[in-house]
$ cat start-v6.cif   # mmCIF, C-alpha atoms
data_structure
loop_
_atom_site.label_atom_id
_atom_site.label_comp_id
_atom_site.auth_asym_id
_atom_site.auth_seq_id
_atom_site.Cartn_x
_atom_site.Cartn_y
_atom_site.Cartn_z
CA MET A 566 -92.35 56.11 132.12
CA ASN A 567 -95.04 54.12 133.87
CA GLY A 568 -94.44 55.22 137.40
CA TRP A 569 -92.26 56.66 140.10
CA LEU A 570 -91.61 55.43 143.60
CA LEU A 571 -89.98 56.60 146.80
CA ASP A 572 -89.33 54.55 149.91
CA VAL A 573 -89.43 56.98 152.85
CA ARG A 574 -88.52 54.44 155.51
CA ARG A 575 -85.00 55.84 155.58
CA PHE A 576 -86.34 59.28 156.59
CA PRO A 577 -87.68 60.14 160.06
CA PRO A 578 -91.49 60.29 160.23
CA TRP A 579 -91.46 64.00 161.08
CA VAL A 580 -89.92 64.99 157.75
CA VAL A 581 -92.25 67.32 155.84
CA VAL A 582 -91.22 68.19 152.32
CA ALA A 583 -92.57 70.87 150.03
CA LEU A 584 -92.47 70.94 146.20
CA LEU A 585 -94.74 67.94 145.75
CA GLY A 586 -96.90 69.81 143.28
CA GLY A 587 -94.59 72.73 142.68
CA ALA A 588 -93.00 71.51 139.49
CA VAL A 589 -96.02 69.76 138.09
CA GLU A 590 -98.85 72.25 138.13
CA CYS A 591 -98.85 73.85 134.71
CA GLY A 592 -98.52 77.61 134.87
CA ARG A 593 -97.40 77.46 138.50
CA SER A 594 -94.12 77.17 140.39
CA GLY A 595 -91.70 76.37 137.61
CA LEU A 596 -93.85 74.54 135.08
CA ARG A 597 -94.74 76.87 132.24
CA SER A 598 -96.50 75.93 129.07
CA ARG A 599 -97.91 77.56 125.99
CA GLY A 600 -101.16 77.12 124.15
CA ASP A 601 -99.25 75.58 121.29
CA ALA A 602 -101.21 72.47 120.47
CA ALA A 603 -104.62 72.20 118.92
CA GLY A 604 -107.02 69.50 117.93
CA ALA A 605 -108.68 69.14 114.57
CA GLY A 606 -109.06 72.91 114.29
CA GLY A 607 -105.30 73.24 113.97
CA THR A 608 -105.00 76.69 115.53
CA SER A 609 -102.56 77.70 118.23
CA SER A 610 -101.84 80.70 120.41
CA ASP A 611 -99.06 82.16 122.54
CA ALA A 612 -101.11 82.37 125.73
CA LEU A 613 -99.79 80.55 128.77
CA THR A 614 -102.06 77.68 129.70
CA SER A 615 -102.62 75.38 132.67
CA PRO A 616 -104.10 71.90 132.84
CA ASP A 617 -107.60 71.51 134.19
CA LEU A 618 -106.93 70.38 137.77
CA GLY A 619 -110.50 70.65 139.00
CA THR A 620 -113.40 68.25 139.20
CA ASP A 621 -115.30 67.08 136.18
CA PRO A 622 -118.22 69.51 135.56
CA ALA A 623 -120.63 66.60 135.53
CA ASP A 624 -119.60 65.82 139.11
CA SER A 625 -119.50 69.38 140.42
CA SER A 626 -122.49 68.81 142.72
CA TYR A 627 -120.92 65.74 144.31
CA GLN A 628 -117.90 66.18 146.58
CA ALA A 629 -116.41 62.76 147.36
CA VAL A 630 -113.87 62.34 150.14
CA TYR A 631 -111.54 60.39 147.83
CA ALA A 632 -110.73 60.16 144.13
CA GLY A 633 -108.96 57.34 142.37
CA VAL A 634 -108.00 55.58 139.16
CA VAL A 635 -107.56 51.94 138.22
CA VAL A 636 -105.78 51.55 134.88
CA GLY A 637 -105.24 48.59 132.58
CA ILE A 638 -102.39 49.49 130.21
CA LEU A 639 -101.65 47.69 126.94
CA THR A 640 -98.44 49.02 125.31
CA ARG A 641 -97.09 48.18 121.84
CA ASP A 642 -93.81 49.14 120.18
CA ASP A 643 -94.21 46.85 117.10
CA ALA A 644 -91.76 44.34 118.61
CA THR A 645 -93.39 43.56 121.95
CA THR A 646 -96.68 44.00 123.72
CA SER A 647 -96.83 44.50 127.49
CA TYR A 648 -99.70 44.56 129.96
CA VAL A 649 -99.65 46.45 133.25
CA ALA A 650 -102.19 47.22 135.99
CA ARG A 651 -101.99 50.49 137.98
CA ALA A 652 -104.04 52.07 140.78
CA LEU A 653 -103.80 55.31 142.72
CA PHE A 654 -106.12 57.04 145.20
CA THR A 655 -105.97 60.51 146.69
CA THR A 656 -107.90 62.71 149.08
CA GLY A 657 -109.97 65.57 147.76
CA PRO A 658 -111.42 66.61 144.38
CA ARG A 659 -111.17 64.30 141.42
CA PRO A 660 -108.23 65.23 139.12
CA VAL A 661 -109.18 65.19 135.46
CA ILE A 662 -107.48 62.86 133.02
CA GLY A 663 -105.48 64.79 130.47
CA GLY A 664 -106.36 68.43 131.04
CA CYS A 665 -103.86 69.86 128.52
CA PRO A 666 -105.64 70.45 125.19
CA HIS A 667 -102.91 73.06 124.75
CA CYS A 668 -99.67 71.27 125.58
CA CYS A 669 -98.29 71.46 129.11
CA CYS A 670 -94.55 70.89 129.60
CA GLY A 671 -92.43 70.63 132.73
CA THR A 672 -89.86 68.78 134.76
CA THR A 673 -90.58 65.34 136.17
CA ASP A 674 -88.46 65.97 139.27
CA ARG A 675 -90.26 65.43 142.59
CA GLY A 676 -89.71 66.44 146.17
CA LEU A 677 -90.26 64.07 149.09
CA PRO A 678 -93.86 63.36 150.14
CA TYR A 679 -95.53 64.19 153.42
CA PRO A 680 -95.21 61.08 155.65
CA ILE A 681 -98.96 60.48 155.67
CA LYS A 682 -100.59 57.23 154.58
CA PRO A 683 -102.33 57.62 151.22
CA PRO A 684 -105.88 56.23 150.94
CA ASP A 685 -106.41 52.91 149.20
CA ALA A 686 -109.15 50.44 148.33
CA GLY A 687 -107.47 47.34 149.76
CA LYS A 688 -106.61 44.46 147.46
CA ILE A 689 -107.64 45.09 143.85
CA ILE A 690 -108.08 42.28 141.36
CA LEU A 691 -108.12 42.88 137.61
CA ALA A 692 -109.91 39.95 136.02
CA ALA A 693 -111.18 38.76 132.68
CA ALA A 694 -114.87 39.23 131.92
CA ALA A 695 -117.18 37.93 134.66
CA GLY A 696 -114.15 37.50 136.95
CA ALA A 697 -113.37 34.04 135.59
CA THR A 698 -109.60 34.53 135.38
CA THR A 699 -107.41 36.79 137.50
CA LEU A 700 -105.09 38.86 135.31
CA ALA A 701 -103.34 40.96 137.98
CA THR A 702 -103.54 41.63 141.73
CA LEU A 703 -102.67 45.02 143.25
CA VAL A 704 -101.88 45.12 146.97
CA PRO A 705 -101.14 48.38 148.83
CA ALA A 706 -97.70 48.72 150.40
CA ALA A 707 -97.47 48.64 154.18
CA PHE A 708 -97.46 51.98 156.00
CA GLU A 709 -96.57 51.99 159.69
CA GLY A 710 -95.34 54.64 162.10
CA GLY A 711 -95.25 57.36 159.46
CA SER A 712 -93.13 55.21 157.13
CA GLY A 713 -94.01 53.56 153.84
CA THR A 714 -93.43 53.42 150.11
CA PHE A 715 -95.01 55.90 147.72
CA TYR A 716 -95.69 55.48 144.01
CA GLY A 717 -96.43 58.17 141.46
CA MET A 718 -98.03 58.00 138.03
CA THR A 719 -97.14 59.55 134.70
CA ASP A 720 -99.68 57.68 132.55
CA LEU A 721 -102.62 60.11 132.67
CA GLY A 722 -101.12 63.57 132.24
CA TRP A 723 -100.12 66.33 134.66
CA SER A 724 -103.31 66.34 136.77
CA TRP A 725 -102.55 62.83 138.04
CA PHE A 726 -98.83 63.56 138.46
CA PRO A 727 -98.84 65.22 141.94
CA PRO A 728 -100.76 62.55 143.95
CA LEU A 729 -98.71 59.71 145.42
CA GLY A 730 -100.27 56.36 146.27
CA ASP A 731 -99.29 53.05 147.83
CA TYR A 732 -99.82 50.67 144.89
CA ALA A 733 -96.84 49.53 142.81
CA LYS A 734 -97.47 48.82 139.15
CA VAL A 735 -98.00 45.11 138.45
CA ASP A 736 -97.38 43.14 135.27
CA SER A 737 -100.60 41.58 134.05
CA GLN A 738 -101.68 38.56 132.08
CA PRO A 739 -102.73 39.64 128.58
CA TRP A 740 -106.11 40.69 127.32
CA SER A 741 -107.33 41.66 123.86
CA ALA A 742 -107.96 45.30 122.93
CA GLY A 743 -111.67 45.94 123.29
CA ASP A 744 -112.18 43.38 126.07
CA VAL A 745 -114.30 44.34 129.06
CA LEU A 746 -112.38 43.52 132.23
CA GLN A 747 -113.63 43.29 135.79
CA VAL A 748 -112.20 45.30 138.71
CA LEU A 749 -112.87 43.97 142.22
CA ALA A 750 -111.63 45.96 145.24
CA THR A 751 -111.99 44.65 148.80
CA GLY A 752 -112.10 48.18 150.24
CA ASN A 753 -110.25 50.14 152.91
CA GLU A 754 -110.45 53.93 153.26
CA VAL A 755 -112.10 53.78 149.85
CA GLU A 756 -115.08 51.47 150.11
CA SER A 757 -115.24 48.22 148.18
CA PHE A 758 -116.42 48.12 144.58
CA SER A 759 -116.84 45.70 141.71
CA GLU A 760 -117.17 47.25 138.26
CA ALA A 761 -116.51 46.69 134.56
CA LEU A 762 -113.47 48.27 132.88
CA PRO A 763 -113.89 48.54 129.08
CA THR A 764 -110.41 48.56 127.50
CA GLY A 765 -111.52 50.22 124.25
CA PRO A 766 -110.38 49.66 120.67
CA PRO A 767 -106.71 49.78 119.63
CA LEU A 768 -105.15 52.84 118.04
CA ALA A 769 -105.13 52.60 114.26
CA GLY A 770 -103.94 54.66 111.32
CA VAL A 771 -101.36 56.54 113.41
CA VAL A 772 -99.30 59.00 111.32
CA PRO A 773 -96.36 59.16 111.64
CA PRO A 774 -96.13 55.48 112.57
CA ILE A 775 -94.94 54.94 116.15
CA GLY A 776 -92.98 51.76 116.80
CA LEU A 777 -89.52 50.36 116.08
CA SER A 778 -88.35 53.13 113.74
CA PRO A 779 -87.64 56.49 115.38
CA VAL A 780 -90.07 59.35 114.87
CA VAL A 781 -87.74 62.14 113.71
CA VAL A 782 -88.99 65.70 114.15
CA ASP A 783 -87.57 69.05 113.02
CA HIS A 784 -87.64 71.44 116.01
CA GLY A 785 -88.21 74.35 113.62
CA GLN A 786 -91.59 73.06 112.42
CA ALA A 787 -94.88 72.16 114.08
CA PHE A 788 -95.37 68.44 114.68
CA THR A 789 -98.68 66.76 113.86
CA VAL A 790 -99.73 63.29 114.93
CA SER A 791 -103.02 61.82 113.69
CA TRP A 792 -105.10 58.66 114.13
CA ILE A 793 -108.38 57.15 112.97
CA PRO A 794 -111.09 58.07 115.51
CA GLN A 795 -112.98 55.06 116.80
CA GLY A 796 -113.07 55.36 120.55
CA LYS A 797 -116.26 54.41 122.31
CA GLY A 798 -117.75 56.28 125.23
CA ASP A 799 -115.57 58.82 127.04
CA ALA A 800 -112.30 58.37 125.11
CA THR A 801 -109.31 60.75 125.26
CA VAL A 802 -106.10 60.57 123.24
CA LEU A 803 -103.00 61.58 125.21
CA LEU A 804 -99.66 62.40 123.58
CA SER A 805 -96.43 62.50 125.62
CA LEU A 806 -93.18 63.90 124.24
CA PRO A 807 -89.95 63.82 126.27
CA TYR A 808 -87.13 66.31 126.50
CA ALA A 809 -84.06 66.32 128.73
CA GLY A 810 -85.35 66.39 132.31
CA GLY A 811 -89.01 66.77 131.47
CA ILE A 812 -92.04 65.85 129.43
CA CYS A 813 -94.83 67.52 127.43
CA PHE A 814 -98.41 66.24 127.56
CA CYS A 815 -101.08 67.13 125.00
CA ASP A 816 -104.57 65.64 124.75
CA ALA A 817 -107.71 65.76 122.64
CA PRO A 818 -111.02 63.91 122.32
CA ASP A 819 -110.60 60.76 120.25
CA SER A 820 -113.00 62.27 117.71
CA ALA A 821 -110.53 65.11 116.94
CA GLY A 822 -108.30 62.69 115.01
CA GLN A 823 -105.12 64.73 115.47
CA LEU A 824 -102.93 66.79 117.76
CA VAL A 825 -100.65 69.62 116.63
CA VAL A 826 -97.59 70.57 118.71
CA ASP A 827 -96.10 73.99 117.97
CA ALA A 828 -92.41 74.19 117.12
CA ASN A 829 -91.46 76.21 120.20
CA LEU A 830 -92.27 73.20 122.41
CA LEU A 831 -89.94 70.86 120.54
CA ARG A 832 -86.62 70.67 122.32
CA PRO A 833 -83.76 68.61 120.85
CA ILE A 834 -83.45 65.07 122.18
CA SER A 835 -81.83 61.94 120.76
CA ALA A 836 -82.93 58.32 120.92
CA ASP A 837 -79.81 57.64 123.02
CA GLU A 838 -81.26 59.95 125.70
CA ASN A 839 -84.15 57.47 126.02
CA GLY A 840 -86.46 59.68 124.04
CA LYS A 841 -89.83 57.89 123.78
CA ILE A 842 -92.96 59.19 122.14
CA LYS A 843 -96.21 57.74 123.47
CA LEU A 844 -99.70 58.01 122.03
CA ALA A 845 -102.47 56.58 124.23
CA ARG A 846 -106.17 56.12 123.67
CA LEU A 847 -107.77 56.27 127.13
CA THR A 848 -111.23 54.72 127.39
CA ILE A 849 -112.70 56.04 130.62
CA SER A 850 -115.66 54.90 132.72
CA THR A 851 -116.49 56.38 136.11
CA VAL A 852 -117.64 54.72 139.32
CA VAL A 853 -119.29 56.81 142.06
CA ARG A 854 -119.40 55.42 145.58
CA SER A 855 -120.58 57.03 148.80
CA ASN A 856 -117.06 58.23 149.65
CA ALA A 857 -115.17 58.12 146.33
CA THR A 858 -115.22 58.84 142.62
CA ILE A 859 -113.10 56.35 140.69
CA ASP A 860 -112.12 56.40 137.02
CA LEU A 861 -111.57 53.00 135.40
CA VAL A 862 -109.28 53.47 132.42
CA GLY A 863 -108.36 51.19 129.56
CA ALA A 864 -105.15 52.57 128.03
CA ASP A 865 -104.07 51.42 124.57
CA ILE A 866 -100.58 52.85 123.94
CA GLN A 867 -98.22 52.96 120.99
CA GLU A 868 -94.66 53.97 121.88
CA GLY A 869 -91.34 54.19 120.13
CA PRO A 870 -88.05 56.08 119.80
CA PHE A 871 -88.31 59.84 119.41
CA VAL A 872 -85.73 62.26 118.03
CA VAL A 873 -85.96 66.03 117.80
CA GLU A 874 -83.26 67.51 115.58
#
$ encode --input "start-v6.cif" --output "structure tokens"
Amino acid sequence: MNGWLLDVRRFPPWVVVALLGGAVECGRSGLRSRGDAAGAGGTSSDALTSPDLGTDPADSSYQAVYAGVVVGILTRDDATTSYVARALFTTGPRPVIGGCPHCCCGTTDRGLPYPIKPPDAGKIILAAAAGATTLATLVPAAFEGGSGTFYGMTDLGWSWFPPLGDYAKVDSQPWSAGDVLQVLATGNEVESFSEALPTGPPLAGVVPPIGLSPVVVDHGQAFTVSWIPQGKGDATVLLSLPYAGGICFCDAPDSAGQLVVDANLLRPISADENGKIKLARLTISTVVRSNATIDLVGADIQEGPFVVE
């Protein structure tokens, strides 16, 4: 799943809907999770856990009006490779990326959004190095008279699930893993910026292999996925596992080299139910402007069929 959208033009502008974050805040309002995944240490516990929904500690002294992400996503399934650009901005503290070192699971159902225009940074261009070639252009959807189109994101874990923005995902021209791209935003509520987006190295040595052949898991045993650490800078590896009506997210620093998912989080699902496992290396750089903190993320993803028996 790369996104979620809702056109609220068919609803009157006075409609106010709850439940926006109710089902997606781990440990709160319907989304419960257990501390059942661990990094290289391999330990687990039965304590309920919640994702880190606060600001990055490094930025605790700086309170920006807005937070945002611009993401370049390269996805492989061994048969095809796709390239997508995403952007989303929100008001308030900066949500962390990942935030579930102990897996967080919950429904992906949403309620209707408040009919309030989300902040944006105007037109955003994703370009090759030095801006020589435009790869993708993101343009915010129109919002007038309390009506507009909202887009959600499921690419960065639960902390970035509640906010809704006004940028649709856009197919991009290709780039090579490890390229440094350029992001140029003309500015709107979020002021203009022009910054580099390092895409990071590709995932390698993934066990079990994720691609054309289904990853088949026994729900009675813990599931381990591993990779060869080689991320540069602030790199996070994010694992997503589906089940009927929901998804589990687990993350670890790239240097951990593995994630372990406890058996009690593995719920039966077949490939026919569109079960997809995704493993993403997220290379993250951060831009601080006078009114916003923006994460620029290069996502290298391997995905494939997933079966829990």
$ closest_atom_pairs --input "start-v6.cif" --of "stretch 762-781 of chain A" --to "stretch 821-836 of chain A" --cutoff "12 Å" --atoms "all atoms listed in the file" --output "tab-separated table"
residue	atom	partner	partner_atom	distance
A:Leu768	CA	A:Gly822	CA	10.8
A:Ala769	CA	A:Gly822	CA	10.6
A:Gly770	CA	A:Gly822	CA	9.9
A:Val771	CA	A:Gln823	CA	9.2
A:Val772	CA	A:Gln823	CA	9.2
A:Pro773	CA	A:Gln823	CA	11.1
A:Leu777	CA	A:Ala836	CA	11.4
A:Ser778	CA	A:Ala836	CA	10.4
A:Pro779	CA	A:Ala836	CA	7.5
A:Val780	CA	A:Ala836	CA	9.4
A:Val781	CA	A:Ser835	CA	9.2
$ write_last_selection --input "start-v6.cif" --atoms "C-alpha atoms" --output "mmCIF file, in the frame of the given file"
data_model
loop_
_atom_site.group_PDB
_atom_site.id
_atom_site.type_symbol
_atom_site.label_atom_id
_atom_site.label_comp_id
_atom_site.auth_asym_id
_atom_site.auth_seq_id
_atom_site.Cartn_x
_atom_site.Cartn_y
_atom_site.Cartn_z
ATOM 1 C CA LEU A 768 -105.150 52.840 118.040
ATOM 2 C CA ALA A 769 -105.130 52.600 114.260
ATOM 3 C CA GLY A 770 -103.940 54.660 111.320
ATOM 4 C CA VAL A 771 -101.360 56.540 113.410
ATOM 5 C CA VAL A 772 -99.300 59.000 111.320
ATOM 6 C CA PRO A 773 -96.360 59.160 111.640
ATOM 7 C CA LEU A 777 -89.520 50.360 116.080
ATOM 8 C CA SER A 778 -88.350 53.130 113.740
ATOM 9 C CA PRO A 779 -87.640 56.490 115.380
ATOM 10 C CA VAL A 780 -90.070 59.350 114.870
ATOM 11 C CA VAL A 781 -87.740 62.140 113.710
#
$ closest_atom_pairs --input "start-v6.cif" --of "stretch 684-779 of chain A" --to "stretch 666-670 of chain A" --cutoff "12 Å" --atoms "only C-alpha atoms" --output "Markdown table"
| residue | atom | partner | partner_atom | distance |
| --- | --- | --- | --- | --- |
| A:Gly722 | CA | A:Cys669 | CA | 8.9 |
| A:Trp723 | CA | A:Cys669 | CA | 7.8 |
| A:Ser724 | CA | A:Cys669 | CA | 10.5 |
$ atom_distance --input "start-v6.cif" --atom1 "atom CA of A:Phe654" --atom2 "atom CA of A:Gly869"
29.2 Å
$ resolve_selection --input "start-v6.cif" --expression "the PyMOL selection byres ((chain A and resi 852) around 12)" --output "VMD selection string"
chain A and resid 624 629 631 to 635 659 748 755 to 762 849 to 851 853 to 862
$ resolve_selection --input "start-v6.cif" --expression "the PyMOL selection byres ((chain A and resi 646) around 12)" --output "compact mmCIF listing (two decimals) with C-alpha atoms, keeping the file's coordinate frame"
# COMPACT_ATOMS: atom_id res chain seq x y z
CA ILE A 638 -102.39 49.49 130.21
CA LEU A 639 -101.65 47.69 126.94
CA THR A 640 -98.44 49.02 125.31
CA ARG A 641 -97.09 48.18 121.84
CA ASP A 642 -93.81 49.14 120.18
CA ASP A 643 -94.21 46.85 117.10
CA ALA A 644 -91.76 44.34 118.61
CA THR A 645 -93.39 43.56 121.95
CA SER A 647 -96.83 44.50 127.49
CA TYR A 648 -99.70 44.56 129.96
CA VAL A 649 -99.65 46.45 133.25
CA ASP A 736 -97.38 43.14 135.27
CA SER A 737 -100.60 41.58 134.05
CA GLN A 738 -101.68 38.56 132.08
CA PRO A 739 -102.73 39.64 128.58
CA TRP A 740 -106.11 40.69 127.32
CA SER A 741 -107.33 41.66 123.86
CA ALA A 742 -107.96 45.30 122.93
CA GLY A 776 -92.98 51.76 116.80
CA ASP A 865 -104.07 51.42 124.57
CA ILE A 866 -100.58 52.85 123.94
CA GLN A 867 -98.22 52.96 120.99
CA GLU A 868 -94.66 53.97 121.88
$ atom_distance --input "start-v6.cif" --atom1 "atom CA of A:Gly765" --atom2 "atom CA of A:Arg651"
16.7 Å
$ closest_residue --input "start-v6.cif" --among "A:Phe871, A:Tyr732, A:Phe708, A:Phe715" --to "A:Pro678" --atoms "only C-alpha atoms"
A:Phe715
$ atom_distance --input "start-v6.cif" --atom1 "atom CA of A:Gly743" --atom2 "atom CA of A:Gln795"
11.3 Å
$ resolve_selection --input "start-v6.cif" --expression "the PyMOL selection byres ((chain A and resi 701) around 6)" --output "MDAnalysis selection string"
chainID A and resid 690:691 699:700 702 737
$ residues_around --input "start-v6.cif" --residues "A:Ala694" --least-positions-apart "4" --cutoff "9 Å" --atoms "all atoms listed in the file" --output "list in words"
Thr698, Asp744, Val745, Leu746, Gln747 and Ala761 of chain A
$ closest_residue --input "start-v6.cif" --among "A:Glu874, A:Glu754, A:Glu709, A:Asp685" --to "A:Gly730" --atoms "only C-alpha atoms"
A:Asp685
$ residues_near_point --input "start-v6.cif" --point "(-102.0, 59.8, 123.0)" --cutoff "9 Å" --atoms "all atoms listed in the file" --output "MDAnalysis selection string"
chainID A and resid 801:805 814:817 824 843:847 865:867
$ residues_around --input "start-v6.cif" --residues "A:Ile812" --least-positions-apart "5" --cutoff "7 Å" --atoms "all atoms listed in the file" --output "PyMOL selection string"
chain A and resi 670-673+805-807
$ closest_residue --input "start-v6.cif" --among "A:Val636, A:Asp819, A:Asp837, A:Val704" --to "A:Ile793" --atoms "only C-alpha atoms"
A:Asp819
$ closest_residue --input "start-v6.cif" --among "A:Ala652, A:Pro728, A:Leu721, A:Ala693" --to "A:Pro763" --atoms "only C-alpha atoms"
A:Ala693
$ axis_aligned_box --input "start-v6.cif" --around "stretch 662-680 of chain A" --padding-each-side "3 Å" --output "AutoDock Vina command-line options"
--center_x -98.0 --center_y 67.1 --center_z 140.2 --size_x 25.0 --size_y 18.0 --size_z 36.9
